[in-house]
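Student: Can you keep this structure in mind? I'll have questions shortly.
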Protein chains: 2
Amino acid sequence: MKFTVNRQSFIKKLNDVSRAISTKTTIPILTGLKLVVTDNEITFTGSDTDISIETTLRANDDNAELTVEEPGNIVLPARFFSEIVKRLPEATMTIAVKEGFQANITSGAAAFTINGLDANNYPHLPEIESNDEVTLAGDVFRDIINTTVIAVSNQESRPILTGVHFTLAGDEFTAVATDSHRLSQRKVTLPNPASETHDVIIPGKSLVELSRMIGEEQQDVKMRLAENQVLFMLGDTAFYSRLLEGNYPDTSRLIPSESETTMEISAPALLAAIERASLLSHESRNNVVKLTLSDTATDATATIFGNSPDVGAVEENLSTLALDGNDLEISFNPDYLKDALRSFGQSQIKLSFTSALRPFTLVPSEDGENFIQLITPVRTF
Amino acid sequence: MKFTVNRQSFIKKLNDVSRAISTKTTIPILTGLKLVVTDNEITFTGSDTDISIETTLRANDDNAELTVEEPGNIVLPARFFSEIVKRLPEATMTIAVKEGFQANITSGAAAFTINGLDANNYPHLPEIESNDEVTLAGDVFRDIINTTVIAVSNQESRPILTGVHFTLAGDEFTAVATDSHRLSQRKVTLPNPASETHDVIIPGKSLVELSRMIGEEQQDVKMRLAENQVLFMLGDTAFYSRLLEGNYPDTSRLIPSESETTMEISAPALLAAIERASLLSHESRNNVVKLTLSDTATDATATIFGNSPDVGAVEENLSTLALDGNDLEISFNPDYLKDALRSFGQSQIKLSFTSALRPFTLVPSEDGENFIQLITPVRTF
């Protein structure tokens, strides 16, 4: 194996697959990057068994400046190889593998020799035979991930809740996550209905990496589902994730259909007030803030209150856009509300309450049907 | 005590004194920020006993928007108070202290009440009676600190080596630091000779904080020395540090006066090569790179070599500007050389070697008298 390549083009591909490579794996070869070189392209593969990423650098990409002298394949220690490539002195580099899986990496006057592994011992990627493909705009899908993944559980005691539940029926695509204290649900109408119905749970960690990889690029993401794997295609890059097995709880019955008190407010204004109140709640043992809503004939007030016996207290009247219904005093974990509020960006939102011990919901004032955040209050009496 | 103030002006002063405030102190009141409010100014004080910082916000500074309704003083929990002030909603805030050392902080609709402490229990700052003042340009002094403090020891086994040794005699100001493996020495000629001779050791940690505080500002730094304290004045801010007690070792005899081999090279080019070589040395147990210098009748070559038995090896021919003298093979800790090379910026430098087991020196090719870095090699045979 021997090829010469533009270093920056190579590094970009290396960074993409490095997302899947962990130093903490129990399978030593998976700390490596697999390179497969043919006459006109290099295929990069990285995997931690949960996620696998594969991408290709092609000789017909002018920026790649790729010339292959001899095809072949090798597995190189990923973290270390990546540090070397990033520090080489020249714009191009040459990698040559001789017998014994030793790779020579040369660029200008610098010559590295590093020990690799036999690529034939690298695990095979999952095969996804399904041809039922769903296409989503990259920025829409990234937004669906980022607004739902905040509600997945970090606790392995109920593994199913560490994933986001996606359902696809006709042109309706729904994502929902809950850690049993809060819930986030997004619905999107697809431009082209899917031919099959799907119901899968994708690990939150996989989705976070996928969202980062989508980044700010505007390109489409194609999704293919199989029995226990999902494949996302982003241009020349394939992102595989395992699926979580089991039945996701029925979350539809958790969302209240009626309310006794409603408040409309600007999401960033409420977020700033909650951030101030949580400065104090974080210093106390139970991390709870209290919201008091009062709608009298002459005045409607919403007050946030946080305190810590050791440090002090904070009280703030909120500037609401509307406040209607029964008086209410409700306490909750401010960190859940902060996560939920951030997902609404600069929007105006509507909060709907039933009673002090029942979950309350947040929806955008416009289009309240397709995006809902739900938070369970905390009993303080 | 009651005053109203522009929040941004207040935060700037708060950040300055916060450098001296540690959460890890064994004296609880020192986790606090001391505020002393008179009719026309607020004095901020922070201290961890090693370093103390005092600064003043004046009513005649228009940006301060300071109006004092009632003078007084208080100690407030620094970290927590600072987070509150930074998150308040309006451009100004009002702080009022009533009985029981409780402070009310209000800004817009937000009202905090936090528990403070009696300012009368706050330790007194050191008194520096000396009037012998040395004035240094801020950027020159910051540069002296940053290029010498890299060589101070982190080990408390020889406390004296955790400081930088400053001597002042006439118009000659010298700073030197060594951890016994390397040494860095700077000399500066002062525009105005000092009337007294001084010889002090200032803790490296104090100097790092002072250097950060000098920052990019062009203003002068005034230094006053006393028996066991040093005071630096930067505009309205006073920075006190304790001095280390004891005799600093005589470092002048460590610097070799002659050499057998010399090499001239661009500092950033050598740094890049050493960074590459150290990628491999860091993976091996002894973290050593080898430099081979050979000056034959036909050719002069300098080669850097690093290796790790597990991972691989690297070899690189250096592009030297000049190479003269005896052939030499010398091994050293690349991290010491990296620190030293960074202190030369983009300069050309001259390295001078005596033998494989004797310290070697680095000086700028221009002005080699006033700045010297010294590194002790490692025996590998």
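Note on naming: chains are A, B, ... as they come in the structure tokens, residues start from 1 per chain, ligands start from 1 in the order shown.
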Kindly determine which residues of chain B lie within 9 Å of chain A, considering only C-alpha atoms, and give the answer as a PDB file with all heavy atoms, in the first residue's frame.

Tutor:
ATOM      1  N   PRO B  77     -20.101  36.508  49.786  1.00  0.00           N
ATOM      2  CA  PRO B  77     -19.519  35.271  49.218  1.00  0.00           C
ATOM      3  C   PRO B  77     -19.142  35.500  47.762  1.00  0.00           C
ATOM      4  O   PRO B  77     -20.013  35.677  46.912  1.00  0.00           O
ATOM      5  CB  PRO B  77     -20.639  34.241  49.363  1.00  0.00           C
ATOM      6  CG  PRO B  77     -21.889  35.011  49.610  1.00  0.00           C
ATOM      7  CD  PRO B  77     -21.495  36.320  50.218  1.00  0.00           C
ATOM      8  N   PHE B  80     -20.349  33.286  44.450  1.00  0.00           N
ATOM      9  CA  PHE B  80     -21.785  33.329  44.335  1.00  0.00           C
ATOM     10  C   PHE B  80     -22.289  34.736  43.990  1.00  0.00           C
ATOM     11  O   PHE B  80     -23.108  34.936  43.085  1.00  0.00           O
ATOM     12  CB  PHE B  80     -22.327  32.861  45.678  1.00  0.00           C
ATOM     13  CG  PHE B  80     -23.760  32.646  45.660  1.00  0.00           C
ATOM     14  CD1 PHE B  80     -24.298  31.649  44.870  1.00  0.00           C
ATOM     15  CD2 PHE B  80     -24.593  33.451  46.396  1.00  0.00           C
ATOM     16  CE1 PHE B  80     -25.658  31.472  44.832  1.00  0.00           C
ATOM     17  CE2 PHE B  80     -25.934  33.273  46.359  1.00  0.00           C
ATOM     18  CZ  PHE B  80     -26.487  32.270  45.575  1.00  0.00           C
ATOM     19  N   GLU B  83     -21.578  35.533  40.362  1.00  0.00           N
ATOM     20  CA  GLU B  83     -22.526  34.913  39.422  1.00  0.00           C
ATOM     21  C   GLU B  83     -23.841  35.688  39.385  1.00  0.00           C
ATOM     22  O   GLU B  83     -24.441  35.864  38.330  1.00  0.00           O
ATOM     23  CB  GLU B  83     -22.809  33.461  39.824  1.00  0.00           C
ATOM     24  CG  GLU B  83     -21.691  32.528  39.429  1.00  0.00           C
ATOM     25  CD  GLU B  83     -21.965  31.093  39.867  1.00  0.00           C
ATOM     26  OE1 GLU B  83     -23.138  30.752  40.128  1.00  0.00           O
ATOM     27  OE2 GLU B  83     -20.997  30.321  39.964  1.00  0.00           O
ATOM     28  N   ILE B  84     -24.292  36.127  40.551  1.00  0.00           N
ATOM     29  CA  ILE B  84     -25.532  36.905  40.608  1.00  0.00           C
ATOM     30  C   ILE B  84     -25.370  38.195  39.813  1.00  0.00           C
ATOM     31  O   ILE B  84     -26.187  38.522  38.945  1.00  0.00           O
ATOM     32  CB  ILE B  84     -25.914  37.235  42.074  1.00  0.00           C
ATOM     33  CG1 ILE B  84     -26.356  35.969  42.799  1.00  0.00           C
ATOM     34  CG2 ILE B  84     -27.003  38.312  42.124  1.00  0.00           C
ATOM     35  CD1 ILE B  84     -26.628  36.163  44.282  1.00  0.00           C
ATOM     36  N   ARG B  87     -25.578  37.967  36.129  1.00  0.00           N
ATOM     37  CA  ARG B  87     -26.835  37.533  35.517  1.00  0.00           C
ATOM     38  C   ARG B  87     -27.988  38.509  35.742  1.00  0.00           C
ATOM     39  O   ARG B  87     -29.123  38.224  35.344  1.00  0.00           O
ATOM     40  CB  ARG B  87     -27.232  36.168  36.081  1.00  0.00           C
ATOM     41  CG  ARG B  87     -26.347  35.069  35.567  1.00  0.00           C
ATOM     42  CD  ARG B  87     -26.903  33.711  35.930  1.00  0.00           C
ATOM     43  NE  ARG B  87     -26.061  32.665  35.401  1.00  0.00           N
ATOM     44  CZ  ARG B  87     -26.155  32.213  34.155  1.00  0.00           C
ATOM     45  NH1 ARG B  87     -27.043  32.707  33.333  1.00  0.00           N
ATOM     46  NH2 ARG B  87     -25.348  31.245  33.739  1.00  0.00           N
ATOM     47  N   LEU B  88     -27.740  39.639  36.380  1.00  0.00           N
ATOM     48  CA  LEU B  88     -28.845  40.575  36.644  1.00  0.00           C
ATOM     49  C   LEU B  88     -29.382  41.148  35.343  1.00  0.00           C
ATOM     50  O   LEU B  88     -28.661  41.269  34.352  1.00  0.00           O
ATOM     51  CB  LEU B  88     -28.364  41.682  37.577  1.00  0.00           C
ATOM     52  CG  LEU B  88     -28.100  41.223  39.014  1.00  0.00           C
ATOM     53  CD1 LEU B  88     -27.482  42.349  39.836  1.00  0.00           C
ATOM     54  CD2 LEU B  88     -29.367  40.722  39.695  1.00  0.00           C
ATOM     55  N   PRO B  89     -30.679  41.512  35.329  1.00  0.00           N
ATOM     56  CA  PRO B  89     -31.296  41.875  34.043  1.00  0.00           C
ATOM     57  C   PRO B  89     -30.985  43.282  33.534  1.00  0.00           C
ATOM     58  O   PRO B  89     -31.020  43.500  32.327  1.00  0.00           O
ATOM     59  CB  PRO B  89     -32.799  41.728  34.318  1.00  0.00           C
ATOM     60  CG  PRO B  89     -32.957  41.857  35.780  1.00  0.00           C
ATOM     61  CD  PRO B  89     -31.689  41.372  36.395  1.00  0.00           C
ATOM     62  N   GLN B 102     -27.128  41.232  56.014  1.00  0.00           N
ATOM     63  CA  GLN B 102     -27.857  40.744  54.842  1.00  0.00           C
ATOM     64  C   GLN B 102     -27.824  41.803  53.748  1.00  0.00           C
ATOM     65  O   GLN B 102     -28.141  42.971  54.000  1.00  0.00           O
ATOM     66  CB  GLN B 102     -29.305  40.447  55.204  1.00  0.00           C
ATOM     67  CG  GLN B 102     -29.482  39.056  55.792  1.00  0.00           C
ATOM     68  CD  GLN B 102     -30.835  38.491  55.429  1.00  0.00           C
ATOM     69  OE1 GLN B 102     -31.782  39.249  55.221  1.00  0.00           O
ATOM     70  NE2 GLN B 102     -30.929  37.182  55.350  1.00  0.00           N
ATOM     71  N   GLY B 108     -33.838  45.772  38.025  1.00  0.00           N
ATOM     72  CA  GLY B 108     -35.106  45.492  37.358  1.00  0.00           C
ATOM     73  C   GLY B 108     -36.052  44.785  38.318  1.00  0.00           C
ATOM     74  O   GLY B 108     -36.174  45.181  39.484  1.00  0.00           O
ATOM     75  N   ALA B 109     -36.699  43.693  37.837  1.00  0.00           N
ATOM     76  CA  ALA B 109     -37.678  42.978  38.662  1.00  0.00           C
ATOM     77  C   ALA B 109     -37.017  41.941  39.574  1.00  0.00           C
ATOM     78  O   ALA B 109     -37.687  41.308  40.379  1.00  0.00           O
ATOM     79  CB  ALA B 109     -38.696  42.285  37.761  1.00  0.00           C
ATOM     80  N   ALA B 110     -35.697  41.757  39.457  1.00  0.00           N
ATOM     81  CA  ALA B 110     -35.026  40.708  40.239  1.00  0.00           C
ATOM     82  C   ALA B 110     -34.516  41.265  41.565  1.00  0.00           C
ATOM     83  O   ALA B 110     -33.894  42.325  41.600  1.00  0.00           O
ATOM     84  CB  ALA B 110     -33.853  40.122  39.445  1.00  0.00           C
ATOM     85  N   ALA B 111     -34.817  40.545  42.644  1.00  0.00           N
ATOM     86  CA  ALA B 111     -34.385  40.969  43.983  1.00  0.00           C
ATOM     87  C   ALA B 111     -33.748  39.790  44.704  1.00  0.00           C
ATOM     88  O   ALA B 111     -34.418  38.803  45.000  1.00  0.00           O
ATOM     89  CB  ALA B 111     -35.573  41.504  44.769  1.00  0.00           C
ATOM     90  N   PHE B 112     -32.444  39.899  44.975  1.00  0.00           N
ATOM     91  CA  PHE B 112     -31.727  38.860  45.723  1.00  0.00           C
ATOM     92  C   PHE B 112     -31.489  39.328  47.152  1.00  0.00           C
ATOM     93  O   PHE B 112     -31.230  40.524  47.388  1.00  0.00           O
ATOM     94  CB  PHE B 112     -30.361  38.594  45.092  1.00  0.00           C
ATOM     95  CG  PHE B 112     -30.387  37.772  43.852  1.00  0.00           C
ATOM     96  CD1 PHE B 112     -30.629  38.363  42.616  1.00  0.00           C
ATOM     97  CD2 PHE B 112     -30.165  36.401  43.894  1.00  0.00           C
ATOM     98  CE1 PHE B 112     -30.648  37.604  41.455  1.00  0.00           C
ATOM     99  CE2 PHE B 112     -30.174  35.637  42.730  1.00  0.00           C
ATOM    100  CZ  PHE B 112     -30.423  36.239  41.513  1.00  0.00           C
ATOM    101  N   THR B 113     -31.540  38.417  48.090  1.00  0.00           N
ATOM    102  CA  THR B 113     -31.106  38.675  49.464  1.00  0.00           C
ATOM    103  C   THR B 113     -30.035  37.642  49.773  1.00  0.00           C
ATOM    104  O   THR B 113     -30.305  36.439  49.676  1.00  0.00           O
ATOM    105  CB  THR B 113     -32.272  38.491  50.456  1.00  0.00           C
ATOM    106  OG1 THR B 113     -33.362  39.274  49.990  1.00  0.00           O
ATOM    107  CG2 THR B 113     -31.871  38.931  51.854  1.00  0.00           C
ATOM    108  N   ILE B 114     -28.806  38.087  50.077  1.00  0.00           N
ATOM    109  CA  ILE B 114     -27.788  37.083  50.404  1.00  0.00           C
ATOM    110  C   ILE B 114     -27.097  37.416  51.719  1.00  0.00           C
ATOM    111  O   ILE B 114     -27.001  38.568  52.121  1.00  0.00           O
ATOM    112  CB  ILE B 114     -26.744  36.872  49.275  1.00  0.00           C
ATOM    113  CG1 ILE B 114     -25.939  38.142  49.007  1.00  0.00           C
ATOM    114  CG2 ILE B 114     -27.388  36.399  47.999  1.00  0.00           C
ATOM    115  CD1 ILE B 114     -24.749  37.880  48.074  1.00  0.00           C
ATOM    116  N   ASN B 115     -26.623  36.366  52.365  1.00  0.00           N
ATOM    117  CA  ASN B 115     -26.001  36.517  53.676  1.00  0.00           C
ATOM    118  C   ASN B 115     -24.541  36.898  53.539  1.00  0.00           C
ATOM    119  O   ASN B 115     -23.778  36.210  52.886  1.00  0.00           O
ATOM    120  CB  ASN B 115     -26.105  35.200  54.458  1.00  0.00           C
ATOM    121  CG  ASN B 115     -27.544  34.736  54.590  1.00  0.00           C
ATOM    122  OD1 ASN B 115     -28.451  35.569  54.738  1.00  0.00           O
ATOM    123  ND2 ASN B 115     -27.763  33.437  54.512  1.00  0.00           N
ATOM    124  N   GLY B 116     -24.163  38.022  54.163  1.00  0.00           N
ATOM    125  CA  GLY B 116     -22.772  38.457  54.152  1.00  0.00           C
ATOM    126  C   GLY B 116     -22.112  38.252  55.510  1.00  0.00           C
ATOM    127  O   GLY B 116     -22.663  37.581  56.390  1.00  0.00           O
ATOM    128  N   ALA B 272       8.458  23.157  15.957  1.00  0.00           N
ATOM    129  CA  ALA B 272       7.566  22.240  15.228  1.00  0.00           C
ATOM    130  C   ALA B 272       8.173  20.841  15.152  1.00  0.00           C
ATOM    131  O   ALA B 272       7.475  19.839  15.333  1.00  0.00           O
ATOM    132  CB  ALA B 272       7.284  22.789  13.825  1.00  0.00           C
ATOM    133  N   ALA B 273       9.488  20.762  14.904  1.00  0.00           N
ATOM    134  CA  ALA B 273      10.149  19.454  14.809  1.00  0.00           C
ATOM    135  C   ALA B 273      10.147  18.739  16.170  1.00  0.00           C
ATOM    136  O   ALA B 273       9.917  17.526  16.249  1.00  0.00           O
ATOM    137  CB  ALA B 273      11.571  19.622  14.291  1.00  0.00           C
ATOM    138  N   GLU B 275       7.976  19.214  18.565  1.00  0.00           N
ATOM    139  CA  GLU B 275       6.597  18.791  18.851  1.00  0.00           C
ATOM    140  C   GLU B 275       6.295  17.463  18.163  1.00  0.00           C
ATOM    141  O   GLU B 275       5.629  16.606  18.740  1.00  0.00           O
ATOM    142  CB  GLU B 275       5.605  19.875  18.418  1.00  0.00           C
ATOM    143  CG  GLU B 275       5.557  21.018  19.428  1.00  0.00           C
ATOM    144  CD  GLU B 275       4.652  22.165  19.002  1.00  0.00           C
ATOM    145  OE1 GLU B 275       4.394  22.314  17.791  1.00  0.00           O
ATOM    146  OE2 GLU B 275       4.231  22.924  19.897  1.00  0.00           O
ATOM    147  N   ARG B 276       6.771  17.306  16.935  1.00  0.00           N
ATOM    148  CA  ARG B 276       6.550  16.021  16.247  1.00  0.00           C
ATOM    149  C   ARG B 276       7.296  14.891  16.950  1.00  0.00           C
ATOM    150  O   ARG B 276       6.741  13.828  17.192  1.00  0.00           O
ATOM    151  CB  ARG B 276       7.010  16.135  14.788  1.00  0.00           C
ATOM    152  CG  ARG B 276       6.054  16.899  13.912  1.00  0.00           C
ATOM    153  CD  ARG B 276       6.456  16.812  12.438  1.00  0.00           C
ATOM    154  NE  ARG B 276       7.543  17.690  12.093  1.00  0.00           N
ATOM    155  CZ  ARG B 276       7.409  18.971  11.748  1.00  0.00           C
ATOM    156  NH1 ARG B 276       6.215  19.525  11.713  1.00  0.00           N
ATOM    157  NH2 ARG B 276       8.452  19.703  11.444  1.00  0.00           N
ATOM    158  N   LEU B 279       5.679  13.619  20.129  1.00  0.00           N
ATOM    159  CA  LEU B 279       4.505  12.747  19.993  1.00  0.00           C
ATOM    160  C   LEU B 279       4.894  11.320  20.316  1.00  0.00           C
ATOM    161  O   LEU B 279       4.156  10.582  20.954  1.00  0.00           O
ATOM    162  CB  LEU B 279       3.964  12.789  18.560  1.00  0.00           C
ATOM    163  CG  LEU B 279       3.222  14.049  18.132  1.00  0.00           C
ATOM    164  CD1 LEU B 279       2.807  13.928  16.669  1.00  0.00           C
ATOM    165  CD2 LEU B 279       2.015  14.271  19.020  1.00  0.00           C
ATOM    166  N   LEU B 280       6.079  10.908  19.867  1.00  0.00           N
ATOM    167  CA  LEU B 280       6.534   9.538  20.132  1.00  0.00           C
ATOM    168  C   LEU B 280       7.163   9.396  21.500  1.00  0.00           C
ATOM    169  O   LEU B 280       6.888   8.431  22.205  1.00  0.00           O
ATOM    170  CB  LEU B 280       7.467   9.074  19.022  1.00  0.00           C
ATOM    171  CG  LEU B 280       6.640   8.520  17.871  1.00  0.00           C
ATOM    172  CD1 LEU B 280       7.273   8.749  16.552  1.00  0.00           C
ATOM    173  CD2 LEU B 280       6.371   7.047  18.116  1.00  0.00           C
ATOM    174  N   ASP B 310       6.564   0.630  21.703  1.00  0.00           N
ATOM    175  CA  ASP B 310       5.230   0.119  21.371  1.00  0.00           C
ATOM    176  C   ASP B 310       4.668   0.714  20.086  1.00  0.00           C
ATOM    177  O   ASP B 310       3.971   0.037  19.343  1.00  0.00           O
ATOM    178  CB  ASP B 310       4.232   0.451  22.492  1.00  0.00           C
ATOM    179  CG  ASP B 310       4.573  -0.292  23.770  1.00  0.00           C
ATOM    180  OD1 ASP B 310       5.314  -1.294  23.672  1.00  0.00           O
ATOM    181  OD2 ASP B 310       4.110   0.133  24.842  1.00  0.00           O
ATOM    182  N   VAL B 311       4.937   1.983  19.869  1.00  0.00           N
ATOM    183  CA  VAL B 311       4.187   2.692  18.835  1.00  0.00           C
ATOM    184  C   VAL B 311       4.972   2.910  17.557  1.00  0.00           C
ATOM    185  O   VAL B 311       4.448   2.719  16.467  1.00  0.00           O
ATOM    186  CB  VAL B 311       3.679   4.051  19.380  1.00  0.00           C
ATOM    187  CG1 VAL B 311       2.786   4.718  18.368  1.00  0.00           C
ATOM    188  CG2 VAL B 311       2.956   3.860  20.700  1.00  0.00           C
ATOM    189  N   GLY B 312       6.226   3.314  17.656  1.00  0.00           N
ATOM    190  CA  GLY B 312       6.992   3.570  16.445  1.00  0.00           C
ATOM    191  C   GLY B 312       8.113   4.566  16.682  1.00  0.00           C
ATOM    192  O   GLY B 312       8.561   4.748  17.812  1.00  0.00           O
ATOM    193  N   ALA B 313       8.553   5.204  15.596  1.00  0.00           N
ATOM    194  CA  ALA B 313       9.702   6.097  15.686  1.00  0.00           C
ATOM    195  C   ALA B 313       9.541   7.246  14.711  1.00  0.00           C
ATOM    196  O   ALA B 313       8.768   7.166  13.752  1.00  0.00           O
ATOM    197  CB  ALA B 313      10.986   5.336  15.359  1.00  0.00           C
ATOM    198  N   VAL B 314      10.284   8.346  14.953  1.00  0.00           N
ATOM    199  CA  VAL B 314      10.273   9.476  14.044  1.00  0.00           C
ATOM    200  C   VAL B 314      11.690  10.018  13.907  1.00  0.00           C
ATOM    201  O   VAL B 314      12.459  10.036  14.876  1.00  0.00           O
ATOM    202  CB  VAL B 314       9.308  10.592  14.518  1.00  0.00           C
ATOM    203  CG1 VAL B 314       9.617  11.022  15.931  1.00  0.00           C
ATOM    204  CG2 VAL B 314       9.348  11.810  13.587  1.00  0.00           C
ATOM    205  N   GLU B 315      12.039  10.451  12.695  1.00  0.00           N
ATOM    206  CA  GLU B 315      13.361  10.990  12.440  1.00  0.00           C
ATOM    207  C   GLU B 315      13.181  12.191  11.529  1.00  0.00           C
ATOM    208  O   GLU B 315      12.347  12.149  10.605  1.00  0.00           O
ATOM    209  CB  GLU B 315      14.217   9.927  11.751  1.00  0.00           C
ATOM    210  CG  GLU B 315      15.662  10.307  11.670  1.00  0.00           C
ATOM    211  CD  GLU B 315      16.518   9.145  11.173  1.00  0.00           C
ATOM    212  OE1 GLU B 315      16.496   8.066  11.785  1.00  0.00           O
ATOM    213  OE2 GLU B 315      17.197   9.335  10.153  1.00  0.00           O
ATOM    214  N   GLU B 316      13.900  13.272  11.789  1.00  0.00           N
ATOM    215  CA  GLU B 316      13.716  14.461  10.961  1.00  0.00           C
ATOM    216  C   GLU B 316      15.024  15.237  10.874  1.00  0.00           C
ATOM    217  O   GLU B 316      15.655  15.530  11.891  1.00  0.00           O
ATOM    218  CB  GLU B 316      12.617  15.338  11.572  1.00  0.00           C
ATOM    219  CG  GLU B 316      12.334  16.583  10.761  1.00  0.00           C
ATOM    220  CD  GLU B 316      11.020  17.262  11.141  1.00  0.00           C
ATOM    221  OE1 GLU B 316      10.229  16.662  11.918  1.00  0.00           O
ATOM    222  OE2 GLU B 316      10.793  18.380  10.689  1.00  0.00           O
ATOM    223  N   ASN B 317      15.422  15.576   9.643  1.00  0.00           N
ATOM    224  CA  ASN B 317      16.583  16.446   9.448  1.00  0.00           C
ATOM    225  C   ASN B 317      16.149  17.886   9.604  1.00  0.00           C
ATOM    226  O   ASN B 317      15.179  18.320   8.980  1.00  0.00           O
ATOM    227  CB  ASN B 317      17.176  16.246   8.048  1.00  0.00           C
ATOM    228  CG  ASN B 317      17.950  14.953   7.964  1.00  0.00           C
ATOM    229  OD1 ASN B 317      18.531  14.498   8.962  1.00  0.00           O
ATOM    230  ND2 ASN B 317      17.940  14.338   6.790  1.00  0.00           N
ATOM    231  N   LEU B 318      16.877  18.628  10.440  1.00  0.00           N
ATOM    232  CA  LEU B 318      16.525  20.026  10.695  1.00  0.00           C
ATOM    233  C   LEU B 318      17.166  20.923   9.641  1.00  0.00           C
ATOM    234  O   LEU B 318      18.281  20.672   9.189  1.00  0.00           O
ATOM    235  CB  LEU B 318      17.030  20.443  12.076  1.00  0.00           C
ATOM    236  CG  LEU B 318      16.488  19.636  13.257  1.00  0.00           C
ATOM    237  CD1 LEU B 318      17.170  20.080  14.548  1.00  0.00           C
ATOM    238  CD2 LEU B 318      14.981  19.806  13.379  1.00  0.00           C
ATOM    239  N   SER B 319      16.443  21.992   9.276  1.00  0.00           N
ATOM    240  CA  SER B 319      17.019  23.013   8.393  1.00  0.00           C
ATOM    241  C   SER B 319      17.721  24.046   9.262  1.00  0.00           C
ATOM    242  O   SER B 319      17.089  24.960   9.777  1.00  0.00           O
ATOM    243  CB  SER B 319      15.917  23.705   7.595  1.00  0.00           C
ATOM    244  OG  SER B 319      15.298  22.789   6.752  1.00  0.00           O
TER     245      SER B 319
END

Student: Assign secondary structure with DSSP using the backbone only, and return the residues of region 126-348 of chain A in alpha helix (DSSP H) as a VMD selection string.

Tutor: chain A and resid 138 to 148 204 to 214 267 to 281 334 to 342

Student: Given only C-alpha atoms as the basis, pick out the residue of A:Leu293, A:Met1, A:Ile42, A:Met213 nearest to Asn15 (chain A).

Tutor: A:Met213

Student: Can you check which residues of region 171-334 of chain A DSSP gives as strand (DSSP E or B) on the backbone and send them as a ChimeraX atom specification?

Tutor: /A:172-178,182-189,198-203,220-225,229-234,237-242,261-266,289-295,300-308,312-317,322-325,328-332

Student: Counting only C-alpha atoms, which residues in region 71-154 of chain A sit no more than 12 Å from region 241-247 of chain A? For each one, give the nearest pair of atoms and the distance in Å, sorted by chain then residue number, as CSV.

Tutor:
residue,atom,partner,partner_atom,distance
A:Leu125,CA,A:Ser241,CA,10.4
A:Pro126,CA,A:Arg242,CA,9.0
A:Glu127,CA,A:Arg242,CA,11.5
A:Ile128,CA,A:Ser241,CA,11.0

Student: Store the residues picked out above in a file with N, CA and C atoms, as a PDB file, in the first residue's frame.

Tutor:
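File produced: part_36.pdb:
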ATOM      1  N   LEU A 125     -18.728  -4.129   9.272  1.00  0.00           N
ATOM      2  CA  LEU A 125     -19.831  -3.211   9.578  1.00  0.00           C
ATOM      3  C   LEU A 125     -21.155  -3.944   9.391  1.00  0.00           C
ATOM      4  N   PRO A 126     -22.180  -3.486  10.109  1.00  0.00           N
ATOM      5  CA  PRO A 126     -23.512  -4.092   9.936  1.00  0.00           C
ATOM      6  C   PRO A 126     -23.962  -3.960   8.486  1.00  0.00           C
ATOM      7  N   GLU A 127     -24.756  -4.935   8.023  1.00  0.00           N
ATOM      8  CA  GLU A 127     -25.317  -4.803   6.679  1.00  0.00           C
ATOM      9  C   GLU A 127     -26.767  -4.401   6.766  1.00  0.00           C
ATOM     10  N   ILE A 128     -27.114  -3.372   6.040  1.00  0.00           N
ATOM     11  CA  ILE A 128     -28.486  -2.866   6.076  1.00  0.00           C
ATOM     12  C   ILE A 128     -29.069  -3.096   4.694  1.00  0.00           C
TER      13      ILE A 128
END

Student: Quick one: residues within 9 Å of Ile274 (chain A), only C-alpha atoms, excluding same-chain residues fewer than 6 positions away - as a list in words?

Tutor: Val289, Ile304, Gly306, Pro334, Asp335, Leu337 and Lys338 of chain A

Student: Just the residues within 12 Å of Thr251 (chain A), please, counting only C-alpha atoms, with nothing from its chain fewer than 6 positions along; format it as number ranges by chain.

Tutor: A: 161, 164-165, 174-180, 182-185, 374

Student: Give me, as a list of chain:residue names, all polymer residues having an atom no more than 9 Å from Asn6 (chain B), counting only C-alpha atoms and skipping those fewer than 4 positions away in the same chain.

Tutor: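 So the residues in contact are B:Phe10, B:Ile11, B:Asn63, B:Ala64, B:Glu65, B:Leu66, B:Ala91, B:Thr92, B:Met93.
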
Student: Could you please take those selected residues and save C-alpha atoms as a PDB file, in the first residue's frame?

Tutor:
ATOM      1  CA  PHE B  10     -18.566  46.899  38.812  1.00  0.00           C
ATOM      2  CA  ILE B  11     -17.972  43.490  37.175  1.00  0.00           C
ATOM      3  CA  ASN B  63     -18.880  54.904  33.287  1.00  0.00           C
ATOM      4  CA  ALA B  64     -19.253  53.840  36.922  1.00  0.00           C
ATOM      5  CA  GLU B  65     -22.624  55.642  37.269  1.00  0.00           C
ATOM      6  CA  LEU B  66     -21.967  55.365  41.014  1.00  0.00           C
ATOM      7  CA  ALA B  91     -27.564  47.861  33.197  1.00  0.00           C
ATOM      8  CA  THR B  92     -27.461  49.140  36.785  1.00  0.00           C
ATOM      9  CA  MET B  93     -27.969  47.475  40.160  1.00  0.00           C
TER      10      MET B  93
END

Student: So how far away is CA of Thr320 (chain B) from CA of Asp299 (chain B), in Å?

Tutor: 11.8 Å
